[in-house]
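Engineer: The structure that follows is given in the form of structure tokens.
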Amino acid sequence: MNILHNRKKYQLALVTSAIVLLAGCSSLAAPGQPETSTPETPSVQPEPSPPTETKPTESNQSEAEPVKEKPTEQEKPAETKPPKQEPAKKPSDSIELPDLAVVAEPQSMTVLVNKQQKLPENYTPNDLVFPNVPFLLPEKSEKRKMRKEAAEALQQLFAAAKTDGVSLAGVSAYRSHAYQKALFNRYVQKDGLEKARTYSAVPGTSEHETGLSIDVSGINGKCAAESCFGGTKEAEWLAQHSAEFGYIIRYPEGKDGITGYMYEPWHIRYVGVDVAKEISEKGITLEEYFGAVPVTAESN
């Protein structure tokens, strides 16, 4: 009996405590009631989750080299083609010239070189010397040179002229093949091929390349290699006495249809005394002496 009585008493106490607790909670929630002091329980903040790692993409690479995007068809710059160039003018040294006969004996003192016959390519005489006569050219200029036999005869000619009161000077004697080519090419560039051929020799066909020809003037250089030289006392003396020393006026007056060149009273050519005297006495040209086909003015 006592045990049952105590159990009921304990259960009743539990119920009463629960009612009191509920009543207290109700009073806290009721508006206008003073708060009861309750110990503060620190709120526990949830631990932040670690940030999700994101790998850099092509668009957010700050230190990487920028990615070069390919342009679209619309963005591609228009292709510019270089302007069409006109074909360059053919260099004068490559101008196709008529095939000419090559002389068989270029070392001969009477070799005929003209617009129909030429020297072998790059021919150079092997006995060139400096004649001891006055020149309008600088000392030791290659264009002072002549072949030895012609140079010795020239010295005699100049000495004889001086004895007769005529002082002569050399203007231009030997010309190398390279020099003649450069000279002729310059004339072609200036005046064209056909006109250049009327007053300048195609490389290989110039008598100056033989080492046997020289242009002469008075000692003062007046009218040197010019038409006004004709009629001067120097020109008249050369026409009368050159043959005595083996020289001829290579391009006489009125013979341009045969020689292919205008009258050049200043241009003398060594051929030896015997041949020179015959040509002078007959009033003919070197072409006529050899019976060569005339070089007509049309072929100039």
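Every chain in the structure tokens takes a letter, A first, then B, and so on in the order presented; its residues are numbered from 1, and the ligands are numbered from 1 following the presented order.
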Please produce, as a tab-separated table, a per-residue contact table for stretch 167-225 of chain A versus stretch 125-144 of chain A (criterion: any atom at most 12 Å away, only C-alpha atoms considered), showing the nearest atom pair and its distance in Å to one decimal, sorted by chain then residue number.
Structural biologist:
```
residue	atom	partner	partner_atom	distance
A:Ser167	CA	A:Pro134	CA	9.2
A:Leu168	CA	A:Pro134	CA	7.4
A:Ala169	CA	A:Phe135	CA	4.9
A:Gly170	CA	A:Phe135	CA	4.3
A:Val171	CA	A:Leu136	CA	5.5
A:Ser172	CA	A:Lys143	CA	5.6
A:Ala173	CA	A:Lys143	CA	5.1
A:Tyr174	CA	A:Lys143	CA	4.8
A:Arg175	CA	A:Lys143	CA	5.8
A:Ser176	CA	A:Lys143	CA	8.4
A:His177	CA	A:Pro125	CA	10.8
A:Tyr179	CA	A:Lys143	CA	9.8
A:Gln180	CA	A:Lys143	CA	11.1
A:His208	CA	A:Lys143	CA	9.0
A:Glu209	CA	A:Pro125	CA	8.2
A:Thr210	CA	A:Pro125	CA	6.8
A:Gly211	CA	A:Pro125	CA	6.8
A:Leu212	CA	A:Pro125	CA	9.6
A:Ser213	CA	A:Lys143	CA	10.7
A:Ile214	CA	A:Arg144	CA	8.8
A:Asp215	CA	A:Phe135	CA	10.2
A:Val216	CA	A:Phe135	CA	8.8
A:Ser217	CA	A:Leu136	CA	8.9
A:Gly218	CA	A:Leu136	CA	9.7
A:Ile219	CA	A:Pro134	CA	7.7
A:Asn220	CA	A:Leu136	CA	8.6
A:Gly221	CA	A:Leu136	CA	6.9
A:Lys222	CA	A:Leu136	CA	10.6
A:Ala224	CA	A:Leu136	CA	9.3
A:Ala225	CA	A:Leu136	CA	11.6
```
Engineer: Could you tell me how far atom CA of A:Arg250 sits from atom CA of A:Gln156, in Å to one decimal place?
Structural biologist: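 Going from atom CA of A:Gln156 over to atom CA of A:Arg250 covers 18.9 Å.
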Engineer: From the set A:Glu281, A:Glu234, A:Glu244, A:Glu287, which residue has the shortest atom-to-atom contact distance to A:Gly257, counting only C-alpha atoms?
Structural biologist: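 For A:Gly257, the nearest of the candidates is A:Glu287.
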Engineer: Per residue of stretch 110-178 of chain A within 8 Å of stretch 260-275 of chain A, record the nearest atom pair and its distance in Å to one decimal, counting only C-alpha atoms, with rows in chain order and ascending residue number, as a Markdown table.
Structural biologist:
```
| residue | atom | partner | partner_atom | distance |
| --- | --- | --- | --- | --- |
| A:Thr110 | CA | A:Val271 | CA | 5.0 |
| A:Asn114 | CA | A:Gly260 | CA | 7.9 |
| A:Lys115 | CA | A:Gly260 | CA | 7.0 |
| A:Ala150 | CA | A:Tyr270 | CA | 5.9 |
```
Engineer: Go ahead and dump the residues you just picked, all heavy atoms, as a PDB file, in the first residue's frame.
Structural biologist:
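Generated output (again25.pdb):
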```pdb
ATOM      1  N   THR A 110      96.848  45.263-140.698  1.00  0.00           N
ATOM      2  CA  THR A 110      95.871  45.736-141.682  1.00  0.00           C
ATOM      3  C   THR A 110      94.484  45.138-141.432  1.00  0.00           C
ATOM      4  O   THR A 110      93.642  45.118-142.328  1.00  0.00           O
ATOM      5  CB  THR A 110      96.331  45.389-143.109  1.00  0.00           C
ATOM      6  OG1 THR A 110      96.535  43.971-143.208  1.00  0.00           O
ATOM      7  CG2 THR A 110      97.612  46.128-143.463  1.00  0.00           C
ATOM      8  N   ASN A 114      84.899  46.698-138.922  1.00  0.00           N
ATOM      9  CA  ASN A 114      83.868  47.688-139.245  1.00  0.00           C
ATOM     10  C   ASN A 114      82.497  47.168-138.830  1.00  0.00           C
ATOM     11  O   ASN A 114      82.406  46.265-137.983  1.00  0.00           O
ATOM     12  CB  ASN A 114      83.912  48.054-140.731  1.00  0.00           C
ATOM     13  CG  ASN A 114      83.696  46.841-141.634  1.00  0.00           C
ATOM     14  OD1 ASN A 114      83.255  45.777-141.193  1.00  0.00           O
ATOM     15  ND2 ASN A 114      84.001  47.006-142.917  1.00  0.00           N
ATOM     16  N   LYS A 115      81.453  47.698-139.404  1.00  0.00           N
ATOM     17  CA  LYS A 115      80.109  47.305-139.007  1.00  0.00           C
ATOM     18  C   LYS A 115      79.715  45.921-139.510  1.00  0.00           C
ATOM     19  O   LYS A 115      78.638  45.419-139.186  1.00  0.00           O
ATOM     20  CB  LYS A 115      79.095  48.343-139.490  1.00  0.00           C
ATOM     21  CG  LYS A 115      79.232  49.669-138.760  1.00  0.00           C
ATOM     22  CD  LYS A 115      78.112  50.627-139.113  1.00  0.00           C
ATOM     23  CE  LYS A 115      78.211  51.893-138.280  1.00  0.00           C
ATOM     24  NZ  LYS A 115      77.096  52.823-138.528  1.00  0.00           N
ATOM     25  N   ALA A 150     102.607  50.774-133.948  1.00  0.00           N
ATOM     26  CA  ALA A 150     101.823  51.979-134.223  1.00  0.00           C
ATOM     27  C   ALA A 150     102.281  53.126-133.339  1.00  0.00           C
ATOM     28  O   ALA A 150     102.304  54.301-133.783  1.00  0.00           O
ATOM     29  CB  ALA A 150     100.347  51.704-134.004  1.00  0.00           C
TER      30      ALA A 150
END
```
Engineer: Just checking: using only C-alpha atoms, which residue out of A:Lys148, A:Pro120, A:Val113, A:Ala161 ends up closest to A:Glu236?
Structural biologist: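 Closest to A:Glu236, using only C-alpha atoms: A:Ala161.
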